[in-house]
Amino acid sequence: MSLNLDFSVLTRGDYPTMLVDGVLTMLKLTGYAWILAMVVGIVLTLIRMTQNRWAERAVACYVEYHQNVPMLVQILLWYFGIPTLLPESVQFWLNSYHSEFLFAVIAIGLSMAAYISEGLRGGIRAIPKSQMEAARALGLNYLKAARLVILPQALRIGLPTLVSYSVLLFKNTSLAMAIGVAEMTYITREIESQSFRTVEVYVFSTVIYLGISLMIMAVGAAIEKHYRIRTR
């Protein structure tokens with residue numbers, strides 16, 4: 001039995017435009033969610049550095065929830081559950097402006113923020129406590145000491161972990177298809193259902209995901225090499 005593959009099917013009709021739009025939506029979803037994850041992750045890390053018992057417990061609960069509840073469940077909760085708590089006028093406005101994309105960004109960003117904060121926390125643990133003490137002794141307040149002394153070092157130390165989490169975030173954007181976000185996986189399924197060329201369509205999608213993942217890892221490796229802390 002021979003396998004008859006015909007990748008030219010991807011160039012027919014509206015398929016090229018659909019694929020380009022799917023890739024662009026996937027990249028925008030990744031970018032917005034990554035920014036949200038980094039901002040929230042840094043804030044969570046700063047809160048934990050205060051060494052306030054109640055603040056640390058709150059952040060620990062946040063991290064445990066987002067690391068132990070499947071991201072798909074979180075996406076569905078944000079899309080189907082959270083809007084029901086909002087006024088009808090707000091629900092109508094959200095539905096008019098592609099709320100599925102917005103809620104996917106929020107769900108993925110907030111979930112990955114928990115991982116980012118843990119990655120930064122690991123970097124902070126590798127920094128001697130004397131550095132914070134020295135920064136405070138020089139007259140820096142807590143926020144300035146954290147922003148100017150501790151966080152830059154934590155980011156450099158935690159770069160390999162942060163790059164891995166960035167790749168994980170990128171791959172998890174495929175889950176947004178569950179709520180109708182027209183990203184790459186959603187478009188792949190649509191083309192497959194119309195063309196019935198399962199192998200060709202999914203091989204193409206696999207190559208796109210693999211290529212972008214490798215690109216993120218390569219950029220991360222270059223950044224890590226540039227900002228690596230020299231021991232000599």
# chains A, B, ... in the order shown; residues from 1 in each chain; ligands from 1
call {"tool": "residues_around", "arguments": {"residues": "range 119-130 of chain A", "least_positions_apart": "5", "cutoff": "6 Å", "atoms": "only C-alpha atoms", "output": "list of chain:residue names"}}
result
A:Ala154, A:Ile157, A:Gly158
call {"tool": "closest_atom_pairs", "arguments": {"of": "range 90-148 of chain A", "to": "range 42-54 of chain A", "cutoff": "9 Å", "atoms": "only C-alpha atoms", "output": "CSV"}}
result
residue,atom,partner,partner_atom,distance
A:Ala113,CA,A:Ile42,CA,8.1
A:Ala114,CA,A:Leu44,CA,8.0
A:Ile116,CA,A:Ile42,CA,7.7
A:Ser117,CA,A:Thr45,CA,5.3
A:Glu118,CA,A:Thr45,CA,7.8
A:Leu120,CA,A:Thr45,CA,6.8
A:Arg121,CA,A:Thr45,CA,6.4
A:Ile124,CA,A:Met49,CA,9.0
A:Tyr142,CA,A:Thr50,CA,8.2
A:Leu143,CA,A:Leu46,CA,8.0
A:Ala146,CA,A:Leu46,CA,7.3
A:Arg147,CA,A:Leu46,CA,8.9
call {"tool": "residues_around", "arguments": {"residues": "Ile223 in chain A", "least_positions_apart": "3", "cutoff": "10 Å", "atoms": "only C-alpha atoms", "output": "list of chain:residue names"}}
result
A:Arg156, A:Leu159, A:Pro160, A:Val163, A:Met217, A:Ala218, A:Val219, A:Gly220, A:His226, A:Tyr227, A:Arg228
call {"tool": "residues_around", "arguments": {"residues": "range 186-196 of chain A", "least_positions_apart": "4", "cutoff": "12 Å", "atoms": "only C-alpha atoms", "output": "MDAnalysis selection string"}}
result
chainID A and resid 5:26 173:182 200:206 208:209
call {"tool": "residues_around", "arguments": {"residues": "range 67-81 of chain A", "least_positions_apart": "2", "cutoff": "8 Å", "atoms": "only C-alpha atoms", "output": "ChimeraX atom specification"}}
result
/A:63-65,83-85,99-100,103-104,106-108,111,114-115,172,175-176,178-179
call {"tool": "write_last_selection", "arguments": {"atoms": "all heavy atoms", "output": "short mmCIF file (atom, residue, chain, number, x, y, z; two decimals), in the first residue's frame"}}
result
data_model
loop_
_atom_site.label_atom_id
_atom_site.label_comp_id
_atom_site.auth_asym_id
_atom_site.auth_seq_id
_atom_site.Cartn_x
_atom_site.Cartn_y
_atom_site.Cartn_z
N VAL A 63 0.17 29.88 42.92
CA VAL A 63 1.06 29.00 42.16
C VAL A 63 0.52 27.57 42.15
O VAL A 63 0.49 26.91 41.10
CB VAL A 63 2.48 29.04 42.73
CG1 VAL A 63 3.36 27.97 42.10
CG2 VAL A 63 3.10 30.43 42.52
N GLU A 64 0.08 27.08 43.30
CA GLU A 64 -0.42 25.72 43.38
C GLU A 64 -1.65 25.53 42.50
O GLU A 64 -1.79 24.51 41.82
CB GLU A 64 -0.76 25.37 44.84
CG GLU A 64 0.44 25.20 45.74
CD GLU A 64 1.32 24.04 45.30
OE1 GLU A 64 0.77 23.00 44.89
OE2 GLU A 64 2.55 24.18 45.34
N TYR A 65 -2.54 26.51 42.50
CA TYR A 65 -3.74 26.41 41.67
C TYR A 65 -3.38 26.33 40.20
O TYR A 65 -3.84 25.43 39.48
CB TYR A 65 -4.65 27.62 41.91
CG TYR A 65 -5.75 27.76 40.88
CD1 TYR A 65 -6.87 26.94 40.93
CD2 TYR A 65 -5.65 28.68 39.83
CE1 TYR A 65 -7.87 27.04 39.96
CE2 TYR A 65 -6.64 28.78 38.87
CZ TYR A 65 -7.75 27.96 38.94
OH TYR A 65 -8.72 28.07 37.98
N PRO A 83 -17.33 35.37 32.43
CA PRO A 83 -18.25 36.37 31.86
C PRO A 83 -19.64 36.37 32.50
O PRO A 83 -20.30 37.40 32.51
CB PRO A 83 -18.33 35.95 30.38
CG PRO A 83 -17.05 35.28 30.12
CD PRO A 83 -16.74 34.53 31.38
N THR A 84 -20.08 35.23 33.03
CA THR A 84 -21.40 35.17 33.65
C THR A 84 -21.48 36.00 34.92
O THR A 84 -22.57 36.31 35.40
CB THR A 84 -21.79 33.72 33.97
OG1 THR A 84 -20.84 33.17 34.90
CG2 THR A 84 -21.79 32.87 32.70
N LEU A 85 -20.31 36.36 35.48
CA LEU A 85 -20.26 37.17 36.69
C LEU A 85 -20.28 38.66 36.37
O LEU A 85 -20.38 39.48 37.28
CB LEU A 85 -19.01 36.84 37.50
CG LEU A 85 -18.81 35.36 37.88
CD1 LEU A 85 -17.48 35.19 38.61
CD2 LEU A 85 -19.96 34.86 38.74
N SER A 99 -14.02 38.14 22.35
CA SER A 99 -13.65 37.86 23.73
C SER A 99 -12.86 36.57 23.87
O SER A 99 -12.10 36.41 24.83
CB SER A 99 -14.91 37.78 24.60
OG SER A 99 -15.76 36.71 24.17
N GLU A 100 -13.00 35.63 22.92
CA GLU A 100 -12.29 34.37 23.03
C GLU A 100 -10.77 34.59 23.00
O GLU A 100 -10.03 33.93 23.75
CB GLU A 100 -12.70 33.39 21.93
CG GLU A 100 -12.35 33.80 20.51
CD GLU A 100 -13.38 34.72 19.88
OE1 GLU A 100 -14.33 35.13 20.58
OE2 GLU A 100 -13.24 35.03 18.68
N PHE A 103 -9.77 36.27 26.48
CA PHE A 103 -9.79 35.33 27.61
C PHE A 103 -8.71 34.27 27.47
O PHE A 103 -8.19 33.78 28.48
CB PHE A 103 -11.17 34.68 27.73
CG PHE A 103 -12.21 35.60 28.30
CD1 PHE A 103 -13.39 35.85 27.62
CD2 PHE A 103 -12.02 36.23 29.51
CE1 PHE A 103 -14.36 36.70 28.14
CE2 PHE A 103 -12.96 37.10 30.05
CZ PHE A 103 -14.15 37.33 29.35
N ALA A 104 -8.35 33.91 26.25
CA ALA A 104 -7.25 32.97 26.06
C ALA A 104 -5.94 33.60 26.52
O ALA A 104 -5.12 32.94 27.18
CB ALA A 104 -7.16 32.56 24.59
N ILE A 106 -5.57 35.96 28.77
CA ILE A 106 -5.61 36.07 30.24
C ILE A 106 -5.35 34.72 30.88
O ILE A 106 -4.52 34.60 31.81
CB ILE A 106 -6.97 36.63 30.70
CG1 ILE A 106 -7.12 38.08 30.23
CG2 ILE A 106 -7.09 36.55 32.22
CD1 ILE A 106 -8.50 38.67 30.50
N ALA A 107 -6.05 33.68 30.42
CA ALA A 107 -5.91 32.36 31.04
C ALA A 107 -4.50 31.81 30.89
O ALA A 107 -3.90 31.33 31.86
CB ALA A 107 -6.93 31.40 30.42
N ILE A 108 -3.95 31.88 29.68
CA ILE A 108 -2.61 31.35 29.44
C ILE A 108 -1.56 32.20 30.15
O ILE A 108 -0.63 31.68 30.77
CB ILE A 108 -2.32 31.29 27.93
CG1 ILE A 108 -3.26 30.31 27.26
CG2 ILE A 108 -0.86 30.89 27.67
CD1 ILE A 108 -3.18 30.31 25.74
N SER A 111 -1.75 31.64 33.99
CA SER A 111 -1.27 30.30 34.32
C SER A 111 0.24 30.21 34.24
O SER A 111 0.91 29.72 35.16
CB SER A 111 -1.91 29.27 33.38
OG SER A 111 -1.42 27.97 33.65
N ALA A 114 2.59 31.71 37.03
CA ALA A 114 2.94 30.89 38.19
C ALA A 114 4.28 30.18 37.95
O ALA A 114 5.13 30.10 38.86
CB ALA A 114 1.84 29.87 38.46
N TYR A 115 4.48 29.69 36.75
CA TYR A 115 5.74 29.01 36.42
C TYR A 115 6.90 30.00 36.36
O TYR A 115 8.01 29.72 36.83
CB TYR A 115 5.60 28.28 35.08
CG TYR A 115 4.63 27.13 35.10
CD1 TYR A 115 3.27 27.33 34.86
CD2 TYR A 115 5.07 25.84 35.35
CE1 TYR A 115 2.38 26.28 34.87
CE2 TYR A 115 4.18 24.77 35.36
CZ TYR A 115 2.83 25.00 35.12
OH TYR A 115 1.94 23.96 35.15
N ASN A 172 1.25 25.82 24.42
CA ASN A 172 -0.08 25.79 25.06
C ASN A 172 -1.09 26.71 24.39
O ASN A 172 -2.29 26.62 24.67
CB ASN A 172 0.05 26.16 26.54
CG ASN A 172 0.56 25.00 27.38
OD1 ASN A 172 0.39 23.83 27.03
ND2 ASN A 172 1.20 25.32 28.50
N LEU A 175 -4.22 25.23 22.82
CA LEU A 175 -5.43 24.91 23.59
C LEU A 175 -6.53 25.93 23.38
O LEU A 175 -7.69 25.65 23.67
CB LEU A 175 -5.08 24.81 25.08
CG LEU A 175 -4.08 23.72 25.48
CD1 LEU A 175 -3.73 23.84 26.96
CD2 LEU A 175 -4.65 22.33 25.17
N ALA A 176 -6.18 27.10 22.87
CA ALA A 176 -7.17 28.15 22.67
C ALA A 176 -8.18 27.78 21.59
O ALA A 176 -9.25 28.40 21.49
CB ALA A 176 -6.48 29.46 22.30
N ALA A 178 -10.06 25.42 21.69
CA ALA A 178 -11.24 24.89 22.38
C ALA A 178 -12.33 25.93 22.55
O ALA A 178 -13.51 25.58 22.69
CB ALA A 178 -10.84 24.32 23.74
N ILE A 179 -11.96 27.21 22.55
CA ILE A 179 -12.96 28.27 22.69
C ILE A 179 -13.11 29.08 21.40
O ILE A 179 -13.68 30.16 21.41
CB ILE A 179 -12.64 29.20 23.87
CG1 ILE A 179 -11.26 29.85 23.70
CG2 ILE A 179 -12.71 28.45 25.19
CD1 ILE A 179 -10.93 30.90 24.77
#
call {"tool": "select_by_dssp", "arguments": {"residues": "range 5-229 of chain A", "states": "alpha helix (DSSP H)", "output": "ChimeraX atom specification"}}
result
/A:15-49,53-68,71-76,88-96,99-125,129-137,142-145,151-157,159-172,184-195,198-227
call {"tool": "atom_distance", "arguments": {"atom1": "CA of Leu110 in chain A", "atom2": "CA of Tyr97 in chain A"}}
result
20.7 Å
call {"tool": "residues_around", "arguments": {"residues": "Ala135 in chain A", "least_positions_apart": "2", "cutoff": "10 Å", "atoms": "only C-alpha atoms", "output": "NGL selection string"}}
result
:A and (130-133 or 137-142 or 144-146 or 148-150)
call {"tool": "write_last_selection", "arguments": {"atoms": "N, CA and C atoms", "output": "PDB file, in the first residue's frame"}}
result
ATOM      1  N   SER A 130      23.329  38.379  51.385  1.00  0.00           N
ATOM      2  CA  SER A 130      24.138  39.551  51.729  1.00  0.00           C
ATOM      3  C   SER A 130      24.014  40.649  50.675  1.00  0.00           C
ATOM      4  N   GLN A 131      23.646  40.298  49.448  1.00  0.00           N
ATOM      5  CA  GLN A 131      23.523  41.314  48.416  1.00  0.00           C
ATOM      6  C   GLN A 131      22.331  42.229  48.672  1.00  0.00           C
ATOM      7  N   MET A 132      21.233  41.664  49.125  1.00  0.00           N
ATOM      8  CA  MET A 132      20.083  42.491  49.483  1.00  0.00           C
ATOM      9  C   MET A 132      20.416  43.354  50.693  1.00  0.00           C
ATOM     10  N   GLU A 133      21.095  42.772  51.659  1.00  0.00           N
ATOM     11  CA  GLU A 133      21.488  43.530  52.849  1.00  0.00           C
ATOM     12  C   GLU A 133      22.418  44.675  52.486  1.00  0.00           C
ATOM     13  N   ALA A 137      21.766  48.631  52.872  1.00  0.00           N
ATOM     14  CA  ALA A 137      22.724  49.418  53.638  1.00  0.00           C
ATOM     15  C   ALA A 137      23.191  50.650  52.867  1.00  0.00           C
ATOM     16  N   LEU A 138      23.160  50.560  51.538  1.00  0.00           N
ATOM     17  CA  LEU A 138      23.539  51.702  50.698  1.00  0.00           C
ATOM     18  C   LEU A 138      22.424  52.731  50.560  1.00  0.00           C
ATOM     19  N   GLY A 139      21.284  52.466  51.177  1.00  0.00           N
ATOM     20  CA  GLY A 139      20.195  53.434  51.165  1.00  0.00           C
ATOM     21  C   GLY A 139      19.077  53.131  50.199  1.00  0.00           C
ATOM     22  N   LEU A 140      19.148  51.998  49.492  1.00  0.00           N
ATOM     23  CA  LEU A 140      18.070  51.632  48.576  1.00  0.00           C
ATOM     24  C   LEU A 140      16.894  51.059  49.346  1.00  0.00           C
ATOM     25  N   ASN A 141      15.665  51.463  48.957  1.00  0.00           N
ATOM     26  CA  ASN A 141      14.513  50.859  49.605  1.00  0.00           C
ATOM     27  C   ASN A 141      14.294  49.467  49.019  1.00  0.00           C
ATOM     28  N   TYR A 142      13.276  48.771  49.538  1.00  0.00           N
ATOM     29  CA  TYR A 142      13.072  47.381  49.142  1.00  0.00           C
ATOM     30  C   TYR A 142      12.862  47.245  47.635  1.00  0.00           C
ATOM     31  N   LYS A 144      13.622  49.278  45.102  1.00  0.00           N
ATOM     32  CA  LYS A 144      14.794  49.607  44.297  1.00  0.00           C
ATOM     33  C   LYS A 144      15.863  48.525  44.410  1.00  0.00           C
ATOM     34  N   ALA A 145      16.045  47.996  45.602  1.00  0.00           N
ATOM     35  CA  ALA A 145      17.035  46.940  45.787  1.00  0.00           C
ATOM     36  C   ALA A 145      16.652  45.699  44.986  1.00  0.00           C
ATOM     37  N   ALA A 146      15.354  45.373  45.004  1.00  0.00           N
ATOM     38  CA  ALA A 146      14.883  44.210  44.255  1.00  0.00           C
ATOM     39  C   ALA A 146      15.007  44.438  42.756  1.00  0.00           C
ATOM     40  N   LEU A 148      16.918  46.745  41.044  1.00  0.00           N
ATOM     41  CA  LEU A 148      18.235  47.083  40.510  1.00  0.00           C
ATOM     42  C   LEU A 148      19.317  46.052  40.828  1.00  0.00           C
ATOM     43  N   VAL A 149      19.125  45.297  41.903  1.00  0.00           N
ATOM     44  CA  VAL A 149      20.184  44.384  42.337  1.00  0.00           C
ATOM     45  C   VAL A 149      19.786  42.917  42.199  1.00  0.00           C
ATOM     46  N   ILE A 150      18.631  42.554  42.744  1.00  0.00           N
ATOM     47  CA  ILE A 150      18.266  41.138  42.829  1.00  0.00           C
ATOM     48  C   ILE A 150      17.657  40.598  41.536  1.00  0.00           C
TER      49      ILE A 150
END
call {"tool": "residues_around", "arguments": {"residues": "Val105 in chain A", "least_positions_apart": "6", "cutoff": "7 Å", "atoms": "only C-alpha atoms", "output": "PyMOL selection string"}}
result
chain A and resi 29+32-33
call {"tool": "atom_distance", "arguments": {"atom1": "CA of Val167 in chain A", "atom2": "CA of Ser213 in chain A"}}
result
5.9 Å
